[in-house]
Amino acid sequence: MGRLEGKVAVVTGANSGIGLAAAKRFAREGARLFVTGRRQRELDAAVREVGGKAIGVRGDVSSLADLDRLYDVVRREAGVIDVLFANAGGGEFMPLQEITEEHYERTFATNVRGTLFTVQKALPLLRDGASIILAGSTSATTGIPAFSVYSASKAAIRTFARGWILDLAPRRIRVNGLVPGATSTPGWHALAASQEQDREMQRLSIAATPLGRVGEADEIAGAALFLASDESSFMNGSELFVDGGAAQI
């Protein structure tokens, strides 16, 4: 018996990186997967990697209509959700003096509004006792140059978890934050505007991490699996840091 045997899991932003790694882990442990992503070709490839009876639903979490379409599919195909990993998010470097309204709106639309309505619209399908995992970031607690808007959006995620465990207490639905440090994923490397900047970003991240390296997506996925499973049954409103110690010093 797998750790998620017979459970239904939804993972947003599962085209690549941490979302894809988590979906694969969940599937190997017996979960039935519904995964989302914005790009159809990458989503189709992700569904093949996840395997089993995984279903991909193309959509952008910042679009409420896309979220409605996702949950219509889940309702029709499975009827319930046991695990929701609100993983979709994104950001870009932008120093304070260059921040634009468009940059702010784009970041908060995906990371904050997208997370809020990903969870809210799932509520009718979530079983009592379900597990919700919110994708956080060490940048919410440590300053990073030219990253303040993204950091603020992830600080909002931390506050969501604290409030939602009270809203959902009557249903015993757990809400926890998963907080990766620098992790080698396509999205993380894409923050750099050039190969030289990417190498410098890696160098700085390694220097700031007591374990002396960046993380791998599968390492973060292992922590997501723990939060999804009954092994974390008394964790609620917590932040689980998987950062090599970077935010702890």
# chains A, B, ... in the order shown; residues from 1 in each chain; ligands from 1
$ residues_around --residues "Thr183 (chain A)" --least-positions-apart "3" --cutoff "9 Å" --atoms "only C-alpha atoms" --output "PyMOL selection string"
chain A and resi 17-18+180+188-189+214-217+220+243
$ select_by_dssp --residues "region 162-249 of chain A" --states "strand (DSSP E)" --output "ChimeraX atom specification"
/A:174-180,183-184,215-216,239-242
$ write_last_selection --atoms "C-alpha atoms" --output "PDB file, in the first residue's frame"
ATOM      1  CA  ARG A 174      -4.963  20.928   7.306  1.00  0.00           C
ATOM      2  CA  VAL A 175      -3.112  23.780   5.593  1.00  0.00           C
ATOM      3  CA  ASN A 176       0.678  23.853   5.607  1.00  0.00           C
ATOM      4  CA  GLY A 177       3.315  25.779   3.708  1.00  0.00           C
ATOM      5  CA  LEU A 178       6.133  24.078   1.840  1.00  0.00           C
ATOM      6  CA  VAL A 179       9.131  26.415   1.725  1.00  0.00           C
ATOM      7  CA  PRO A 180      11.924  25.516  -0.688  1.00  0.00           C
ATOM      8  CA  THR A 183      16.208  24.697  -6.129  1.00  0.00           C
ATOM      9  CA  SER A 184      17.516  23.711  -9.533  1.00  0.00           C
ATOM     10  CA  GLY A 215      18.296  21.685  -3.864  1.00  0.00           C
ATOM     11  CA  GLU A 216      16.807  19.297  -6.382  1.00  0.00           C
ATOM     12  CA  GLU A 239       6.002  26.048   7.396  1.00  0.00           C
ATOM     13  CA  LEU A 240       8.217  23.150   6.367  1.00  0.00           C
ATOM     14  CA  PHE A 241      11.553  24.569   5.223  1.00  0.00           C
ATOM     15  CA  VAL A 242      13.474  22.511   2.676  1.00  0.00           C
TER      16      VAL A 242
END
$ closest_residue --among "A:Ile157, A:Ala228, A:Ile55, A:Leu64" --to "Glu29 (chain A)" --atoms "only C-alpha atoms"
A:Ala228
$ residues_around --residues "Gly13 (chain A)" --least-positions-apart "4" --cutoff "8 Å" --atoms "only C-alpha atoms" --output "ChimeraX atom specification"
/A:19-20,35-38,86-89
$ write_last_selection --atoms "C-alpha atoms" --output "mmCIF file, in the first residue's frame"
data_model
loop_
_atom_site.group_PDB
_atom_site.id
_atom_site.type_symbol
_atom_site.label_atom_id
_atom_site.label_comp_id
_atom_site.auth_asym_id
_atom_site.auth_seq_id
_atom_site.Cartn_x
_atom_site.Cartn_y
_atom_site.Cartn_z
ATOM 1 C CA GLY A 19 5.130 20.538 -9.253
ATOM 2 C CA LEU A 20 6.017 17.782 -11.689
ATOM 3 C CA VAL A 35 -2.343 18.274 -12.866
ATOM 4 C CA THR A 36 -2.415 21.723 -14.412
ATOM 5 C CA GLY A 37 -0.100 23.897 -16.446
ATOM 6 C CA ARG A 38 -0.371 26.811 -18.829
ATOM 7 C CA ALA A 86 -1.289 24.890 -4.746
ATOM 8 C CA ASN A 87 2.123 25.025 -6.361
ATOM 9 C CA ALA A 88 1.672 27.331 -9.363
ATOM 10 C CA GLY A 89 3.564 30.581 -9.082
#
$ select_by_dssp --residues "region 11-245 of chain A" --states "helix (DSSP H, G or I)" --output "JSON, numbers by chain"
{"A": [17, 18, 19, 20, 21, 22, 23, 24, 25, 26, 27, 28, 40, 41, 42, 43, 44, 45, 46, 47, 48, 49, 50, 64, 65, 66, 67, 68, 69, 70, 71, 72, 73, 74, 75, 76, 77, 96, 97, 98, 101, 102, 103, 104, 105, 106, 107, 108, 109, 110, 111, 112, 113, 114, 115, 116, 117, 118, 119, 120, 138, 139, 140, 148, 149, 150, 151, 152, 153, 154, 155, 156, 157, 158, 159, 160, 161, 162, 163, 164, 165, 166, 167, 169, 170, 171, 186, 187, 188, 189, 195, 196, 197, 198, 199, 200, 201, 202, 203, 204, 205, 206, 207, 217, 218, 219, 220, 221, 222, 223, 224, 225, 226, 227, 228, 230, 231, 232]}
$ write_last_selection --atoms "C-alpha atoms" --output "JSON list (two decimals), in the first residue's frame"
[["chain", "number", "residue", "atom", "x", "y", "z"],
["A", 17, "GLY", "CA", 10.11, 21.50, -11.61],
["A", 18, "ILE", "CA", 8.74, 20.98, -8.12],
["A", 19, "GLY", "CA", 5.13, 20.54, -9.25],
["A", 20, "LEU", "CA", 6.02, 17.78, -11.69],
["A", 21, "ALA", "CA", 8.33, 16.06, -9.21],
["A", 22, "ALA", "CA", 5.60, 16.15, -6.56],
["A", 23, "ALA", "CA", 2.97, 14.79, -8.94],
["A", 24, "LYS", "CA", 5.25, 11.88, -9.84],
["A", 25, "ARG", "CA", 5.90, 11.15, -6.17],
["A", 26, "PHE", "CA", 2.20, 11.27, -5.34],
["A", 27, "ALA", "CA", 1.38, 8.93, -8.22],
["A", 28, "ARG", "CA", 4.04, 6.43, -7.17],
["A", 40, "GLN", "CA", -0.40, 22.29, -23.46],
["A", 41, "ARG", "CA", 2.66, 20.60, -24.96],
["A", 42, "GLU", "CA", 4.56, 20.63, -21.67],
["A", 43, "LEU", "CA", 1.44, 19.56, -19.80],
["A", 44, "ASP", "CA", 0.98, 16.58, -22.12],
["A", 45, "ALA", "CA", 4.60, 15.58, -21.52],
["A", 46, "ALA", "CA", 4.12, 15.94, -17.77],
["A", 47, "VAL", "CA", 1.04, 13.72, -17.81],
["A", 48, "ARG", "CA", 3.05, 11.04, -19.59],
["A", 49, "GLU", "CA", 5.79, 11.31, -16.97],
["A", 50, "VAL", "CA", 3.35, 11.12, -14.09],
["A", 64, "LEU", "CA", -11.01, 32.03, -12.29],
["A", 65, "ALA", "CA", -12.66, 30.57, -15.38],
["A", 66, "ASP", "CA", -9.71, 28.20, -15.82],
["A", 67, "LEU", "CA", -9.99, 27.14, -12.18],
["A", 68, "ASP", "CA", -13.70, 26.46, -12.62],
["A", 69, "ARG", "CA", -12.88, 24.30, -15.63],
["A", 70, "LEU", "CA", -10.25, 22.38, -13.63],
["A", 71, "TYR", "CA", -12.65, 21.58, -10.81],
["A", 72, "ASP", "CA", -15.43, 20.68, -13.23],
["A", 73, "VAL", "CA", -13.11, 17.97, -14.57],
["A", 74, "VAL", "CA", -12.18, 16.79, -11.07],
["A", 75, "ARG", "CA", -15.84, 16.73, -10.03],
["A", 76, "ARG", "CA", -16.82, 14.71, -13.10],
["A", 77, "GLU", "CA", -13.92, 12.26, -12.99],
["A", 96, "LEU", "CA", 12.45, 48.91, -6.51],
["A", 97, "GLN", "CA", 13.12, 51.84, -8.82],
["A", 98, "GLU", "CA", 12.00, 49.82, -11.86],
["A", 101, "GLU", "CA", 2.17, 48.26, -12.14],
["A", 102, "GLU", "CA", 2.24, 45.44, -14.69],
["A", 103, "HIS", "CA", 5.02, 43.63, -12.80],
["A", 104, "TYR", "CA", 3.12, 43.93, -9.53],
["A", 105, "GLU", "CA", -0.20, 42.83, -11.02],
["A", 106, "ARG", "CA", 1.33, 39.87, -12.85],
["A", 107, "THR", "CA", 3.11, 38.57, -9.75],
["A", 108, "PHE", "CA", 0.21, 38.98, -7.35],
["A", 109, "ALA", "CA", -2.34, 37.66, -9.86],
["A", 110, "THR", "CA", -0.58, 34.31, -10.01],
["A", 111, "ASN", "CA", 0.95, 33.94, -6.57],
["A", 112, "VAL", "CA", -1.71, 35.51, -4.36],
["A", 113, "ARG", "CA", -5.03, 35.66, -6.21],
["A", 114, "GLY", "CA", -4.24, 32.36, -7.93],
["A", 115, "THR", "CA", -3.49, 30.59, -4.65],
["A", 116, "LEU", "CA", -6.53, 32.07, -2.92],
["A", 117, "PHE", "CA", -9.02, 30.95, -5.53],
["A", 118, "THR", "CA", -7.27, 27.63, -6.20],
["A", 119, "VAL", "CA", -8.09, 26.78, -2.59],
["A", 120, "GLN", "CA", -11.47, 28.48, -2.32],
["A", 138, "THR", "CA", 12.47, 31.48, 1.78],
["A", 139, "SER", "CA", 12.35, 34.93, 0.17],
["A", 140, "ALA", "CA", 9.35, 35.67, 2.41],
["A", 148, "SER", "CA", 10.67, 42.42, -3.17],
["A", 149, "VAL", "CA", 7.38, 41.99, -5.05],
["A", 150, "TYR", "CA", 7.79, 38.22, -5.32],
["A", 151, "SER", "CA", 8.86, 38.08, -1.66],
["A", 152, "ALA", "CA", 5.79, 40.04, -0.59],
["A", 153, "SER", "CA", 3.54, 37.70, -2.55],
["A", 154, "LYS", "CA", 5.01, 34.71, -0.75],
["A", 155, "ALA", "CA", 4.64, 36.42, 2.62],
["A", 156, "ALA", "CA", 0.93, 36.61, 1.81],
["A", 157, "ILE", "CA", 0.91, 32.84, 1.36],
["A", 158, "ARG", "CA", 2.24, 32.41, 4.90],
["A", 159, "THR", "CA", -0.57, 34.58, 6.23],
["A", 160, "PHE", "CA", -3.16, 32.65, 4.23],
["A", 161, "ALA", "CA", -2.14, 29.44, 5.99],
["A", 162, "ARG", "CA", -2.53, 30.97, 9.44],
["A", 163, "GLY", "CA", -6.01, 32.27, 8.68],
["A", 164, "TRP", "CA", -7.31, 29.30, 6.74],
["A", 165, "ILE", "CA", -6.58, 26.74, 9.44],
["A", 166, "LEU", "CA", -9.13, 28.62, 11.55],
["A", 167, "ASP", "CA", -11.67, 28.92, 8.75],
["A", 169, "ALA", "CA", -11.03, 23.91, 11.55],
["A", 170, "PRO", "CA", -14.61, 22.55, 11.65],
["A", 171, "ARG", "CA", -13.72, 20.29, 8.71],
["A", 186, "PRO", "CA", 13.64, 25.35, -15.07],
["A", 187, "GLY", "CA", 11.71, 28.16, -13.40],
["A", 188, "TRP", "CA", 14.53, 29.02, -11.00],
["A", 189, "HIS", "CA", 17.18, 29.10, -13.72],
["A", 195, "GLN", "CA", 24.09, 32.27, -18.55],
["A", 196, "GLU", "CA", 26.53, 34.49, -16.72],
["A", 197, "GLN", "CA", 23.81, 35.74, -14.39],
["A", 198, "ASP", "CA", 22.64, 32.17, -13.85],
["A", 199, "ARG", "CA", 26.14, 31.09, -12.81],
["A", 200, "GLU", "CA", 26.36, 34.03, -10.42],
["A", 201, "MET", "CA", 22.94, 33.24, -8.98],
["A", 202, "GLN", "CA", 24.04, 29.66, -8.37],
["A", 203, "ARG", "CA", 27.31, 30.79, -6.80],
["A", 204, "LEU", "CA", 25.57, 33.16, -4.40],
["A", 205, "SER", "CA", 22.91, 30.60, -3.48],
["A", 206, "ILE", "CA", 25.50, 27.92, -2.76],
["A", 207, "ALA", "CA", 27.53, 30.33, -0.64],
["A", 217, "ALA", "CA", 13.12, 19.21, -7.26],
["A", 218, "ASP", "CA", 12.74, 15.64, -6.02],
["A", 219, "GLU", "CA", 14.01, 16.65, -2.58],
["A", 220, "ILE", "CA", 11.26, 19.24, -2.29],
["A", 221, "ALA", "CA", 8.76, 16.71, -3.62],
["A", 222, "GLY", "CA", 9.69, 14.34, -0.81],
["A", 223, "ALA", "CA", 8.68, 16.97, 1.71],
["A", 224, "ALA", "CA", 5.45, 17.61, -0.22],
["A", 225, "LEU", "CA", 4.66, 13.91, 0.00],
["A", 226, "PHE", "CA", 5.13, 14.04, 3.77],
["A", 227, "LEU", "CA", 2.69, 16.94, 4.06],
["A", 228, "ALA", "CA", 0.23, 15.19, 1.77],
["A", 230, "ASP", "CA", -1.14, 10.95, 7.10],
["A", 231, "GLU", "CA", 2.40, 11.02, 8.50],
["A", 232, "SER", "CA", 1.95, 14.77, 8.96]]
$ closest_residue --among "A:Ala193, A:Ile133, A:Leu168, A:Ile144" --to "Ser238 (chain A)" --atoms "only C-alpha atoms"
A:Ile133
